[in-house]
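Next comes my_file01.cif, with mmCIF, C-alpha atoms and all ligand atoms.
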```
data_target
#
loop_
_atom_site.label_atom_id
_atom_site.label_comp_id
_atom_site.auth_asym_id
_atom_site.auth_seq_id
_atom_site.Cartn_x
_atom_site.Cartn_y
_atom_site.Cartn_z
CA MET A 1 -3.24 58.64 85.79
CA GLN A 2 -3.65 54.93 86.19
CA ASP A 3 -7.09 53.55 85.42
CA PHE A 4 -8.12 50.16 86.61
CA THR A 5 -11.26 48.15 87.12
CA LEU A 6 -12.08 46.25 90.26
CA ASN A 7 -12.25 42.56 90.83
CA PRO A 8 -15.57 41.47 92.26
CA SER A 9 -15.69 40.00 95.71
CA ASP A 10 -15.18 36.28 95.44
CA ARG A 11 -17.53 33.61 96.70
CA SER A 12 -15.66 33.11 99.93
CA ALA A 13 -16.21 36.72 100.92
CA SER A 14 -19.67 36.07 102.33
CA GLY A 15 -18.43 36.82 105.81
CA THR A 16 -16.96 40.18 104.84
CA ASP A 17 -18.13 43.16 106.84
CA PRO A 18 -20.51 45.33 104.75
CA GLU A 19 -18.34 48.32 105.60
CA ASP A 20 -15.49 46.80 103.63
CA MET A 21 -17.59 46.46 100.48
CA ILE A 22 -19.13 48.77 97.91
CA ALA A 23 -22.13 48.15 95.69
CA CYS A 24 -21.88 50.08 92.43
CA PRO A 25 -24.51 52.85 92.74
CA THR A 26 -25.62 52.41 89.13
CA CYS A 27 -25.54 48.63 88.56
CA ASP A 28 -25.34 47.05 92.05
CA ALA A 29 -22.19 44.98 91.29
CA LEU A 30 -20.55 44.13 94.59
CA TYR A 31 -16.86 44.77 95.27
CA ARG A 32 -14.53 44.53 98.17
CA LEU A 33 -13.33 48.05 98.85
CA PRO A 34 -9.84 48.18 97.41
CA ASP A 35 -6.93 50.25 98.56
CA VAL A 36 -6.87 52.56 95.58
CA ALA A 37 -3.61 54.46 95.24
CA LYS A 38 -3.87 58.24 95.33
CA GLY A 39 -4.16 59.63 91.84
CA SER A 40 -5.65 56.51 90.31
CA ARG A 41 -9.23 55.71 89.51
CA ALA A 42 -11.28 52.59 90.20
CA ARG A 43 -14.16 51.87 87.87
CA CYS A 44 -16.96 49.35 88.02
CA ARG A 45 -16.12 46.38 85.83
CA ARG A 46 -19.69 46.09 84.57
CA CYS A 47 -20.89 49.66 83.87
CA HIS A 48 -17.58 51.60 84.06
CA THR A 49 -18.96 54.08 86.60
CA THR A 50 -16.13 55.65 88.59
CA LEU A 51 -16.35 54.23 92.08
CA THR A 52 -13.46 56.06 93.66
CA ALA A 53 -10.65 58.36 92.54
CA PRO A 54 -8.80 59.62 95.58
CA ARG A 55 -6.24 62.41 95.25
CA ASP A 56 -3.78 63.95 97.65
CA GLY A 57 -4.99 67.28 98.97
CA ALA A 58 -8.18 67.09 96.89
CA MET A 59 -10.37 68.68 99.56
CA THR A 60 -8.18 71.79 99.78
CA GLN A 61 -7.99 72.07 96.01
CA ILE A 62 -11.75 71.74 95.61
CA VAL A 63 -12.41 74.40 98.25
CA MET A 64 -9.97 76.77 96.56
CA LEU A 65 -11.43 76.16 93.11
CA ALA A 66 -14.96 76.62 94.46
CA GLY A 67 -13.89 79.93 96.01
CA THR A 68 -12.41 81.02 92.68
CA SER A 69 -15.62 80.05 90.88
CA PHE A 70 -17.62 82.06 93.40
CA ILE A 71 -15.67 85.25 92.69
CA LEU A 72 -15.87 84.65 88.93
CA MET A 73 -19.62 84.21 89.20
CA LEU A 74 -20.01 87.55 90.98
CA ALA A 75 -18.00 89.20 88.19
CA GLY A 76 -20.15 87.35 85.66
CA VAL A 77 -23.36 88.70 87.17
CA PHE A 78 -22.49 92.37 87.48
CA PHE A 79 -20.28 93.03 84.46
CA PRO A 80 -21.77 93.17 80.97
CA PHE A 81 -21.38 90.03 78.88
CA LEU A 82 -22.40 91.57 75.56
CA GLU A 83 -22.10 95.07 74.20
CA LEU A 84 -24.30 96.08 71.33
CA THR A 85 -23.74 99.15 69.18
CA ALA A 86 -26.37 100.32 66.71
CA ALA A 87 -27.18 103.74 65.30
CA GLY A 88 -24.40 105.29 67.37
CA ARG A 89 -25.78 104.04 70.65
CA THR A 90 -24.28 101.40 72.87
CA GLN A 91 -26.18 98.99 75.03
CA ARG A 92 -24.49 96.80 77.60
CA SER A 93 -26.20 93.71 78.89
CA SER A 94 -25.45 91.95 82.13
CA ILE A 95 -27.10 88.79 83.40
CA LEU A 96 -29.26 90.94 85.65
CA ASP A 97 -30.64 92.59 82.50
CA VAL A 98 -31.42 89.19 81.03
CA ALA A 99 -33.35 88.18 84.13
CA LEU A 100 -35.17 91.54 84.17
CA ALA A 101 -36.00 91.34 80.47
CA TYR A 102 -39.13 89.38 81.32
CA SER A 103 -40.25 91.60 84.14
CA ASP A 104 -43.89 91.70 83.08
CA GLY A 105 -46.76 89.27 82.78
CA PRO A 106 -46.37 85.52 82.49
CA PHE A 107 -42.69 85.87 81.74
CA VAL A 108 -41.70 86.69 85.33
CA GLY A 109 -41.61 82.96 86.07
CA LEU A 110 -39.38 82.41 83.09
CA ALA A 111 -37.07 85.23 84.24
CA ILE A 112 -36.75 83.63 87.67
CA ALA A 113 -36.10 80.22 86.10
CA VAL A 114 -33.42 81.55 83.73
CA GLY A 115 -31.73 83.47 86.57
CA ALA A 116 -31.86 80.39 88.79
CA LEU A 117 -30.35 78.04 86.21
CA ILE A 118 -27.54 80.42 85.21
CA VAL A 119 -26.62 82.01 88.55
CA ILE A 120 -28.53 80.89 91.65
CA VAL A 121 -28.09 77.12 91.29
CA PRO A 122 -24.36 77.28 90.47
CA LEU A 123 -23.84 79.69 93.40
CA LEU A 124 -25.79 77.47 95.81
CA ARG A 125 -23.75 74.48 94.71
CA LEU A 126 -20.47 76.31 95.27
CA LEU A 127 -21.54 77.52 98.72
CA ALA A 128 -22.73 74.02 99.67
CA LEU A 129 -19.42 72.47 98.59
CA ILE A 130 -17.37 75.02 100.51
CA TYR A 131 -19.57 74.49 103.58
CA VAL A 132 -19.10 70.71 103.44
CA LEU A 133 -15.48 70.46 102.33
CA ALA A 134 -13.73 73.37 104.05
CA PRO A 135 -13.89 71.74 107.52
CA MET A 136 -12.64 68.50 105.93
CA ALA A 137 -9.70 70.24 104.30
CA PHE A 138 -8.65 71.41 107.76
CA GLY A 139 -9.27 67.97 109.27
CA TRP A 140 -12.07 69.28 111.48
CA ARG A 141 -15.39 67.70 112.36
CA PRO A 142 -18.03 68.12 109.63
CA ALA A 143 -20.20 71.21 109.85
CA ARG A 144 -23.80 70.88 111.05
CA ASP A 145 -26.04 68.98 108.61
CA ALA A 146 -23.08 68.48 106.27
CA ILE A 147 -24.64 65.23 104.99
CA ALA A 148 -27.90 66.92 104.00
CA VAL A 149 -26.04 69.86 102.44
CA PHE A 150 -23.79 67.58 100.36
CA ARG A 151 -26.81 65.54 99.20
CA PHE A 152 -28.47 68.80 98.18
CA SER A 153 -25.42 69.95 96.20
CA GLU A 154 -25.34 66.63 94.34
CA ARG A 155 -29.06 66.77 93.60
CA ILE A 156 -29.01 70.25 92.04
CA LYS A 157 -25.97 69.49 89.88
CA PRO A 158 -27.90 68.85 86.61
CA TRP A 159 -29.70 72.20 87.04
CA SER A 160 -26.49 74.20 87.07
CA MET A 161 -26.31 75.50 83.50
CA ALA A 162 -23.51 78.07 83.29
CA GLU A 163 -21.84 76.27 80.39
CA ILE A 164 -25.09 76.21 78.41
CA PHE A 165 -25.37 79.93 78.96
CA ILE A 166 -21.99 80.54 77.31
CA VAL A 167 -23.05 78.67 74.19
CA SER A 168 -26.30 80.66 74.20
CA VAL A 169 -24.41 83.96 74.32
CA ALA A 170 -22.31 82.87 71.34
CA ILE A 171 -25.43 81.93 69.37
CA SER A 172 -27.14 85.23 70.21
CA LEU A 173 -24.05 87.01 69.00
CA ILE A 174 -24.27 85.37 65.60
CA LYS A 175 -28.06 85.79 65.40
CA VAL A 176 -27.95 89.57 65.89
CA ALA A 177 -24.75 90.05 63.93
CA GLY A 178 -26.69 91.41 60.95
CA LEU A 179 -28.71 93.89 63.03
CA ALA A 180 -26.01 95.58 65.02
CA HIS A 181 -22.38 95.46 65.98
CA LEU A 182 -21.81 93.17 68.92
CA SER A 183 -18.83 92.49 71.12
CA LEU A 184 -18.25 90.21 74.06
CA GLY A 185 -17.98 91.83 77.48
CA PRO A 186 -15.80 90.88 80.47
CA ALA A 187 -18.57 88.78 82.06
CA PHE A 188 -18.53 86.41 79.11
CA TRP A 189 -14.87 85.62 79.71
CA ALA A 190 -15.48 85.33 83.46
CA PHE A 191 -18.07 82.67 82.63
CA VAL A 192 -15.73 80.82 80.29
CA VAL A 193 -13.08 80.60 83.03
CA LEU A 194 -15.80 79.69 85.55
CA VAL A 195 -16.93 76.72 83.48
CA PHE A 196 -13.35 75.54 83.09
CA VAL A 197 -12.65 75.86 86.83
CA THR A 198 -15.90 74.07 87.69
CA ALA A 199 -15.06 71.16 85.39
CA LEU A 200 -11.60 70.90 86.97
CA LYS A 201 -13.16 70.92 90.44
CA ASP A 202 -15.57 68.12 89.48
CA THR A 203 -12.72 65.90 88.25
CA PHE A 204 -10.94 66.33 91.60
CA MET A 205 -14.04 65.36 93.52
CA CYS A 206 -14.22 61.76 94.68
CA ARG A 207 -17.73 61.31 96.08
CA LEU A 208 -16.86 58.07 97.87
CA THR A 209 -13.97 59.71 99.73
CA ILE A 210 -16.19 62.59 100.78
CA TRP A 211 -18.99 60.29 101.97
CA LYS A 212 -16.57 58.06 103.87
CA THR A 213 -14.88 61.03 105.51
CA LEU A 214 -18.27 62.45 106.49
CA GLU A 215 -19.28 59.11 107.96
CA GLN A 216 -16.05 58.64 109.91
CA ARG A 217 -15.85 62.14 111.32
CA SER A 218 -19.55 62.36 112.22
CA HIS A 219 -19.24 59.66 114.84
CA MET B 1 -6.33 48.68 81.87
CA GLU B 2 -8.69 45.71 81.72
CA ASN B 3 -7.47 42.56 83.38
CA ALA B 4 -9.46 40.31 81.12
CA GLY B 5 -7.44 37.28 82.15
CA THR B 6 -9.13 37.01 85.53
CA ALA B 7 -12.73 37.12 84.34
CA GLN B 8 -14.47 36.23 87.56
CA PRO B 9 -18.26 36.28 87.49
CA LEU B 10 -19.81 39.44 88.85
CA ILE B 11 -22.02 39.30 91.91
CA THR B 12 -24.57 41.94 92.81
CA ALA B 13 -25.32 43.10 96.32
CA ARG B 14 -28.87 41.88 95.78
CA ASP B 15 -27.64 38.32 94.98
CA ARG B 16 -26.02 38.32 98.41
CA GLY B 17 -29.14 39.52 100.16
CA LEU B 18 -27.49 42.89 100.74
CA VAL B 19 -28.81 46.31 99.80
CA GLY B 20 -26.45 48.80 98.18
CA CYS B 21 -27.12 52.52 98.55
CA PRO B 22 -28.06 53.99 95.14
CA ASN B 23 -26.31 57.23 96.06
CA CYS B 24 -23.02 56.38 97.79
CA GLY B 25 -22.69 52.58 97.38
CA ARG B 26 -22.69 51.79 101.12
CA VAL B 27 -23.63 48.13 101.59
CA HIS B 28 -26.27 47.22 104.19
CA SER B 29 -27.00 43.75 105.53
CA ALA B 30 -30.29 42.65 107.07
CA PRO B 31 -32.05 44.15 108.90
CA VAL B 32 -31.83 46.88 106.27
CA PRO B 33 -32.50 50.38 107.63
CA ALA B 34 -34.96 52.72 105.91
CA VAL B 35 -32.23 55.14 104.89
CA CYS B 36 -28.53 54.72 104.17
CA VAL B 37 -26.46 54.93 107.37
CA ARG B 38 -23.83 56.98 105.54
CA CYS B 39 -25.71 59.43 103.31
CA SER B 40 -29.39 59.14 104.40
CA GLU B 41 -30.57 58.14 100.91
CA PRO B 42 -33.81 56.10 101.14
CA LEU B 43 -33.08 52.40 100.63
CA ARG B 44 -35.63 50.38 98.71
CA ASP B 45 -35.38 46.89 97.38
CA ILE B 46 -35.41 46.95 93.61
CA ALA B 47 -38.36 44.52 93.55
CA HIS B 48 -40.50 47.27 95.08
CA ASP B 49 -39.11 50.00 92.89
CA ARG B 50 -41.84 52.40 91.78
CA SER B 51 -39.61 54.85 89.96
CA LEU B 52 -41.10 53.96 86.56
CA GLN B 53 -44.40 55.55 87.55
CA ARG B 54 -42.63 58.84 88.09
CA VAL B 55 -40.70 58.40 84.83
CA TRP B 56 -43.96 58.01 82.88
CA ALA B 57 -45.69 60.88 84.70
CA TRP B 58 -42.89 63.40 84.07
CA LEU B 59 -42.50 62.19 80.51
CA ALA B 60 -46.22 62.75 79.83
CA ALA B 61 -45.93 66.26 81.26
CA GLY B 62 -42.89 66.91 79.07
CA LEU B 63 -44.66 65.67 75.94
CA ILE B 64 -47.76 67.78 76.64
CA ALA B 65 -45.67 70.91 77.20
CA TYR B 66 -43.74 70.26 73.99
CA ILE B 67 -46.88 70.67 71.82
CA PRO B 68 -47.58 74.38 72.54
CA ALA B 69 -43.81 74.93 72.43
CA ASN B 70 -43.95 74.16 68.72
CA ILE B 71 -47.29 75.79 67.86
CA TYR B 72 -46.89 79.17 69.55
CA PRO B 73 -44.20 81.76 68.75
CA MET B 74 -40.89 81.55 70.54
CA LEU B 75 -39.89 85.10 69.61
CA ARG B 76 -41.81 88.27 68.67
CA THR B 77 -39.72 90.80 66.80
CA GLU B 78 -40.86 94.34 66.09
CA SER B 79 -38.76 96.27 63.66
CA LEU B 80 -39.66 99.62 62.05
CA GLY B 81 -43.35 99.20 62.80
CA ARG B 82 -43.50 95.70 61.39
CA SER B 83 -43.88 92.86 63.79
CA SER B 84 -43.13 89.26 63.12
CA GLU B 85 -43.48 86.12 65.15
CA SER B 86 -41.60 82.92 64.72
CA THR B 87 -41.99 79.47 66.14
CA ILE B 88 -39.02 77.21 66.84
CA LEU B 89 -39.15 75.67 63.38
CA GLU B 90 -39.64 79.04 61.63
CA GLY B 91 -36.65 80.36 63.56
CA VAL B 92 -34.52 77.57 62.14
CA VAL B 93 -35.81 78.25 58.60
CA GLU B 94 -35.02 81.98 58.98
CA LEU B 95 -31.48 81.15 60.06
CA ILE B 96 -31.04 78.97 56.98
CA GLN B 97 -32.35 81.79 54.78
CA HIS B 98 -29.78 84.11 56.34
CA GLU B 99 -27.17 81.47 55.58
CA SER B 100 -26.29 80.98 59.24
CA TYR B 101 -26.12 77.26 58.70
CA PHE B 102 -24.08 76.46 61.79
CA VAL B 103 -26.42 78.27 64.19
CA ALA B 104 -29.40 76.76 62.39
CA LEU B 105 -27.92 73.34 63.01
CA VAL B 106 -27.27 74.09 66.69
CA VAL B 107 -30.81 75.40 67.26
CA PHE B 108 -32.35 72.52 65.31
CA THR B 109 -30.35 70.00 67.31
CA ALA B 110 -31.05 71.57 70.71
CA SER B 111 -34.73 72.40 70.20
CA ILE B 112 -36.03 69.69 67.88
CA ALA B 113 -33.66 66.75 67.44
CA ILE B 114 -32.60 66.31 71.09
CA PRO B 115 -36.07 66.71 72.69
CA ILE B 116 -37.78 64.34 70.24
CA SER B 117 -35.07 61.66 70.38
CA LYS B 118 -35.06 62.01 74.15
CA PHE B 119 -38.80 61.26 74.32
CA PHE B 120 -38.29 58.12 72.24
CA ALA B 121 -35.22 57.07 74.22
CA ILE B 122 -37.02 57.31 77.57
CA ILE B 123 -40.08 55.48 76.21
CA TYR B 124 -37.82 52.74 74.85
CA LEU B 125 -35.86 52.41 78.11
CA ALA B 126 -38.97 52.35 80.29
CA LEU B 127 -40.76 49.82 78.07
CA SER B 128 -37.71 47.57 77.82
CA VAL B 129 -37.47 47.50 81.61
CA GLN B 130 -41.19 46.84 82.05
CA ARG B 131 -41.09 43.99 79.53
CA LYS B 132 -37.96 42.65 81.25
CA VAL B 133 -35.91 42.63 78.07
CA ARG B 134 -32.62 40.85 78.77
CA GLN B 135 -30.58 41.75 75.71
CA GLY B 136 -28.47 44.80 75.05
CA VAL B 137 -28.03 45.82 78.67
CA HIS B 138 -24.79 47.68 78.02
CA ASN B 139 -26.15 49.57 75.04
CA ARG B 140 -29.29 50.53 76.93
CA TYR B 141 -27.22 51.78 79.84
CA ARG B 142 -25.13 53.84 77.41
CA LEU B 143 -28.32 55.29 75.94
CA TYR B 144 -29.46 56.22 79.47
CA GLU B 145 -26.15 58.00 80.10
CA VAL B 146 -26.45 59.95 76.85
CA VAL B 147 -30.04 60.98 77.69
CA GLU B 148 -28.93 62.14 81.15
CA PHE B 149 -26.03 64.12 79.76
CA ILE B 150 -27.56 65.76 76.74
CA GLY B 151 -31.07 66.73 77.91
CA ARG B 152 -29.98 69.93 79.67
CA TRP B 153 -28.54 71.33 76.46
CA SER B 154 -32.03 71.84 75.07
CA MET B 155 -32.25 74.94 77.28
CA VAL B 156 -30.02 76.75 74.77
CA ASP B 157 -32.92 78.21 72.80
CA VAL B 158 -34.68 79.52 75.92
CA PHE B 159 -31.49 81.29 77.00
CA VAL B 160 -30.96 82.72 73.50
CA VAL B 161 -34.46 84.20 73.53
CA ALA B 162 -33.81 85.70 76.97
CA ILE B 163 -30.49 87.17 75.88
CA LEU B 164 -31.95 88.65 72.68
CA ALA B 165 -34.85 90.19 74.57
CA ALA B 166 -32.45 91.79 77.04
CA LEU B 167 -30.10 93.01 74.32
CA VAL B 168 -32.51 94.49 71.87
CA GLN B 169 -34.51 96.88 73.96
CA LEU B 170 -36.76 99.87 73.38
CA ASP B 171 -33.95 102.27 72.56
CA PHE B 172 -33.35 100.56 69.28
CA ALA B 173 -35.28 100.32 66.09
CA ALA B 174 -36.17 96.76 66.92
CA THR B 175 -37.63 95.10 69.99
CA VAL B 176 -37.57 91.43 70.74
CA ASN B 177 -39.97 89.74 73.14
CA PRO B 178 -40.23 86.16 74.24
CA GLY B 179 -43.32 84.24 73.17
CA ILE B 180 -45.49 81.76 75.03
CA ALA B 181 -43.49 78.92 73.48
CA ALA B 182 -40.40 79.97 75.46
CA ILE B 183 -42.26 79.10 78.69
CA SER B 184 -43.73 75.82 77.50
CA PHE B 185 -40.45 74.76 75.94
CA ALA B 186 -38.54 75.48 79.17
CA LEU B 187 -41.16 73.48 81.09
CA SER B 188 -40.93 70.62 78.61
CA VAL B 189 -37.14 70.42 79.01
CA ALA B 190 -37.42 70.56 82.82
CA PHE B 191 -40.13 67.84 82.93
CA THR B 192 -38.13 65.55 80.64
CA MET B 193 -35.02 66.08 82.78
CA LEU B 194 -37.05 65.08 85.84
CA SER B 195 -38.30 62.03 83.97
CA ALA B 196 -34.76 60.92 83.13
CA GLN B 197 -33.59 61.62 86.69
CA SER B 198 -36.41 59.48 88.08
CA PHE B 199 -35.24 56.51 86.06
CA ASN B 200 -33.37 54.03 88.22
CA PRO B 201 -30.47 52.65 86.14
CA LYS B 202 -30.31 49.56 88.32
CA LEU B 203 -33.55 48.46 86.64
CA ILE B 204 -31.68 48.10 83.34
CA TRP B 205 -28.92 46.02 84.91
CA GLU B 206 -31.37 44.00 86.96
CA SER B 207 -32.99 42.63 83.80
CA GLY B 208 -29.70 41.60 82.23
CA GLU B 209 -27.55 38.61 82.90
CA LEU B 210 -24.36 39.03 84.91
CA SER B 211 -21.97 38.46 82.07
CA GLN B 212 -18.92 40.30 80.94
CA PRO B 213 -19.25 42.80 78.09
ZN ZN C 301 -21.47 49.38 87.96
ZN ZN C 302 -25.65 56.05 100.87
#
```
Would you mind giving the structure from this file in structure tokens?
Amino acid sequence: MQDFTLNPSDRSASGTDPEDMIACPTCDALYRLPDVAKGSRARCRRCHTTLTAPRDGAMTQIVMLAGTSFILMLAGVFFPFLELTAAGRTQRSSILDVALAYSDGPFVGLAIAVGALIVIVPLLRLLALIYVLAPMAFGWRPARDAIAVFRFSERIKPWSMAEIFIVSVAISLIKVAGLAHLSLGPAFWAFVVLVFVTALKDTFMCRLTIWKTLEQRSH
Amino acid sequence: MENAGTAQPLITARDRGLVGCPNCGRVHSAPVPAVCVRCSEPLRDIAHDRSLQRVWAWLAAGLIAYIPANIYPMLRTESLGRSSESTILEGVVELIQHESYFVALVVFTASIAIPISKFFAIIYLALSVQRKVRQGVHNRYRLYEVVEFIGRWSMVDVFVVAILAALVQLDFAATVNPGIAAISFALSVAFTMLSAQSFNPKLIWESGELSQP
């Protein structure tokens, strides 16, 4: 992959149409929108934020990866992620059990929060992305309120914590290792693959391309 | 690949009297609409930016919630009729006593080192912007990126408590229950994340000169 930084718009560009420019979202440096080759990445010269990284067939790939993540998440919720054996008895724990562990008193709120961060937010984000990008992959008009839905999916991104959950499972495993025999269940591995697929999907995603496509096709 | 040979001076949209969308980068010329024509993000001139008020408010909430998170127990364990409670710090000490040094380090980093350094980092960034410090723009922006990236990882301990409570249930000799600190710690992490998200990185760049790194 070729990486390159942009040249700022020169002084004579004052007459340039605003639509042909981009202001870096993080540092406001102004650039003339370049023709970035597919597969390469244009970064801001000042703060190194990625401005655009178009890829051939990215929309289709993202939709497919999001679909895969969705199925993995369902497996991750219903299958056990840890199996604990002590005194001849076996206990299997799924994410549902974790959320229900605090089913009384002031801990209900915490249960809802933990469930939301591990499962609900990642699922919402996947659904939102499929809703916005699937019509684009087919070259159709954007779905209703696609702009609002895409903004929403970007906003909840920091609250999607599946990868933190995996690390937490590993730590729990070591913490209880003295008390009982523990083994990882299928849901743990579903989550590991899910995190990998999600990261891959995010590297394919060029926000500028998506916003520009939404803008063009909405009118 | 840096083309350092053609070091033209950088120009910001603001220098040109244009307003760049903080979300998608769409450039707007006067008359500037209230929201971005492409992505509907509200457009505000940086001179009227009030994001620092929200940064301070969420940070204060995060700091307040962090106090009970350290005083009250994070975990209550009952084993063979004996019950014990441990705060975040006691949990780390127990792990060291059990010679789980690696996990002790992870929990210490996620629950103590990251939250405290994050408080200081946000205070430093907000103050430097308010005092219009011009130096070290690039390093301050890097600090902001680190704070944004790393803050979420503090949730590790809350998840561990939830997982342990779910795993070790009544059937066994031991039961594990979350303590009040689990709630206040989760709130503290969430408030501090909101504080960092409220911070407008353009404020850092705005104070600095438009020079090359
Ligand atoms: Zn920039
Ligand atoms: Zn915009």
key: Option closest in space to Ile204 of chain B, from B:Val93, B:Met74, B:Leu59, B:Leu52 [counting only C-alpha atoms]   = B:Leu52
query = So which one's closest to ligand ZN 302 (chain C), A:Leu200, A:Val195, A:Ala148, A:Leu65? Using all atoms listed in the file, please.
reply =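 Checking each candidate against ligand ZN 302 (chain C), we get A:Ala148 as the closest.
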inquiry  = Can you work out which residues from chain B touch chain A at a cut-off of 7 Å (counting all atoms listed in the file) and hand them back as a PyMOL selection string?
reply    = chain B and resi 1-2+10-13+20-29+38-39+103+153+156+159-160+162-167+183+201-202+205+212
task = Could you give me, as an MDAnalysis selection string, the residues within 10 Å of Gly91 of chain B, counting only C-alpha atoms and dropping anything in the same chain fewer than 6 positions from it?
result = chainID B and resid 73:75 85 97 104 107:108
Could you write out the selected residues, including C-alpha atoms, as a PDB file, in the coordinates of the input?
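Saved as again.pdb:
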```pdb
ATOM      1  CA  PRO B  73     -44.200  81.760  68.750  1.00  0.00           C
ATOM      2  CA  MET B  74     -40.890  81.550  70.540  1.00  0.00           C
ATOM      3  CA  LEU B  75     -39.890  85.100  69.610  1.00  0.00           C
ATOM      4  CA  GLU B  85     -43.480  86.120  65.150  1.00  0.00           C
ATOM      5  CA  GLN B  97     -32.350  81.790  54.780  1.00  0.00           C
ATOM      6  CA  ALA B 104     -29.400  76.760  62.390  1.00  0.00           C
ATOM      7  CA  VAL B 107     -30.810  75.400  67.260  1.00  0.00           C
ATOM      8  CA  PHE B 108     -32.350  72.520  65.310  1.00  0.00           C
TER       9      PHE B 108
END
```
12 Å contact set for Tyr124 of chain B, only C-alpha atoms, chain neighbours under 5 positions out, as a compact mmCIF listing (two decimals) with C-alpha atoms, in the coordinates of the input:
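Result saved to selection-v6.txt:
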```txt
# COMPACT_ATOMS: atom_id res chain seq x y z
CA VAL B 55 -40.70 58.40 84.83
CA TRP B 56 -43.96 58.01 82.88
CA LEU B 59 -42.50 62.19 80.51
CA SER B 117 -35.07 61.66 70.38
CA LYS B 118 -35.06 62.01 74.15
CA PHE B 119 -38.80 61.26 74.32
CA VAL B 129 -37.47 47.50 81.61
CA GLN B 130 -41.19 46.84 82.05
CA ARG B 131 -41.09 43.99 79.53
CA LYS B 132 -37.96 42.65 81.25
CA VAL B 133 -35.91 42.63 78.07
CA ARG B 140 -29.29 50.53 76.93
CA TYR B 141 -27.22 51.78 79.84
CA LEU B 143 -28.32 55.29 75.94
CA TYR B 144 -29.46 56.22 79.47
CA VAL B 147 -30.04 60.98 77.69
CA ILE B 204 -31.68 48.10 83.34
```
inquiry  = I'd like the interatomic distance between atom CA of Met155 of chain B and atom CA of Val106 of chain B, to a tenth of an Å.
reply    = 11.7 Å
request  = Return the single residue from A:Ala134, A:Leu194, A:Ala187, A:Ser40 that is closest to Met64 of chain A, with distances computed using all atoms listed in the file.
outcome  =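 Among the listed residues, A:Ala134 lies closest to Met64 of chain A.
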message = I need the residue nearest Val137 of chain B from this list: B:Leu203, B:Cys36, B:Ile71, B:Ala65. Use only C-alpha atoms for the distance.
response =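 Comparing B:Leu203, B:Cys36, B:Ile71, B:Ala65 against Val137 of chain B, the winner is B:Leu203.
Residues within 10 Å of Leu194 of chain B, counting all atoms listed in the file and excluding same-chain residues fewer than 4 positions away, are Pro158 of chain A; Arg54, Val55, Ala57, Trp58, Leu59, Gly62, Glu148, Ser188, Val189, Ala190, Ser198 and Phe199 of chain B.
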Can you sort out segment 104-112 of chain B so it carries N, CA, C and O atoms, written as a PDB file, keeping the file's coordinate frame?
```pdb
ATOM      1  N   ALA B 104     -28.174  77.488  62.710  1.00  0.00           N
ATOM      2  CA  ALA B 104     -29.400  76.760  62.390  1.00  0.00           C
ATOM      3  C   ALA B 104     -29.290  75.307  62.849  1.00  0.00           C
ATOM      4  O   ALA B 104     -30.218  74.751  63.440  1.00  0.00           O
ATOM      5  N   LEU B 105     -28.134  74.730  62.620  1.00  0.00           N
ATOM      6  CA  LEU B 105     -27.920  73.340  63.010  1.00  0.00           C
ATOM      7  C   LEU B 105     -27.946  73.192  64.535  1.00  0.00           C
ATOM      8  O   LEU B 105     -28.562  72.265  65.072  1.00  0.00           O
ATOM      9  N   VAL B 106     -27.293  74.160  65.227  1.00  0.00           N
ATOM     10  CA  VAL B 106     -27.270  74.090  66.690  1.00  0.00           C
ATOM     11  C   VAL B 106     -28.685  74.211  67.250  1.00  0.00           C
ATOM     12  O   VAL B 106     -29.107  73.418  68.102  1.00  0.00           O
ATOM     13  N   VAL B 107     -29.457  75.199  66.755  1.00  0.00           N
ATOM     14  CA  VAL B 107     -30.810  75.400  67.260  1.00  0.00           C
ATOM     15  C   VAL B 107     -31.693  74.204  66.917  1.00  0.00           C
ATOM     16  O   VAL B 107     -32.465  73.723  67.750  1.00  0.00           O
ATOM     17  N   PHE B 108     -31.556  73.694  65.701  1.00  0.00           N
ATOM     18  CA  PHE B 108     -32.350  72.520  65.310  1.00  0.00           C
ATOM     19  C   PHE B 108     -32.029  71.333  66.215  1.00  0.00           C
ATOM     20  O   PHE B 108     -32.928  70.644  66.705  1.00  0.00           O
ATOM     21  N   THR B 109     -30.748  71.126  66.464  1.00  0.00           N
ATOM     22  CA  THR B 109     -30.350  70.000  67.310  1.00  0.00           C
ATOM     23  C   THR B 109     -30.886  70.165  68.730  1.00  0.00           C
ATOM     24  O   THR B 109     -31.491  69.252  69.292  1.00  0.00           O
ATOM     25  N   ALA B 110     -30.684  71.359  69.312  1.00  0.00           N
ATOM     26  CA  ALA B 110     -31.050  71.570  70.710  1.00  0.00           C
ATOM     27  C   ALA B 110     -32.556  71.596  70.917  1.00  0.00           C
ATOM     28  O   ALA B 110     -33.044  71.101  71.930  1.00  0.00           O
ATOM     29  N   SER B 111     -33.304  72.167  69.964  1.00  0.00           N
ATOM     30  CA  SER B 111     -34.730  72.400  70.200  1.00  0.00           C
ATOM     31  C   SER B 111     -35.629  71.359  69.568  1.00  0.00           C
ATOM     32  O   SER B 111     -36.779  71.232  69.953  1.00  0.00           O
ATOM     33  N   ILE B 112     -35.161  70.653  68.557  1.00  0.00           N
ATOM     34  CA  ILE B 112     -36.030  69.690  67.880  1.00  0.00           C
ATOM     35  C   ILE B 112     -35.445  68.278  67.962  1.00  0.00           C
ATOM     36  O   ILE B 112     -36.088  67.363  68.477  1.00  0.00           O
TER      37      ILE B 112
END
```
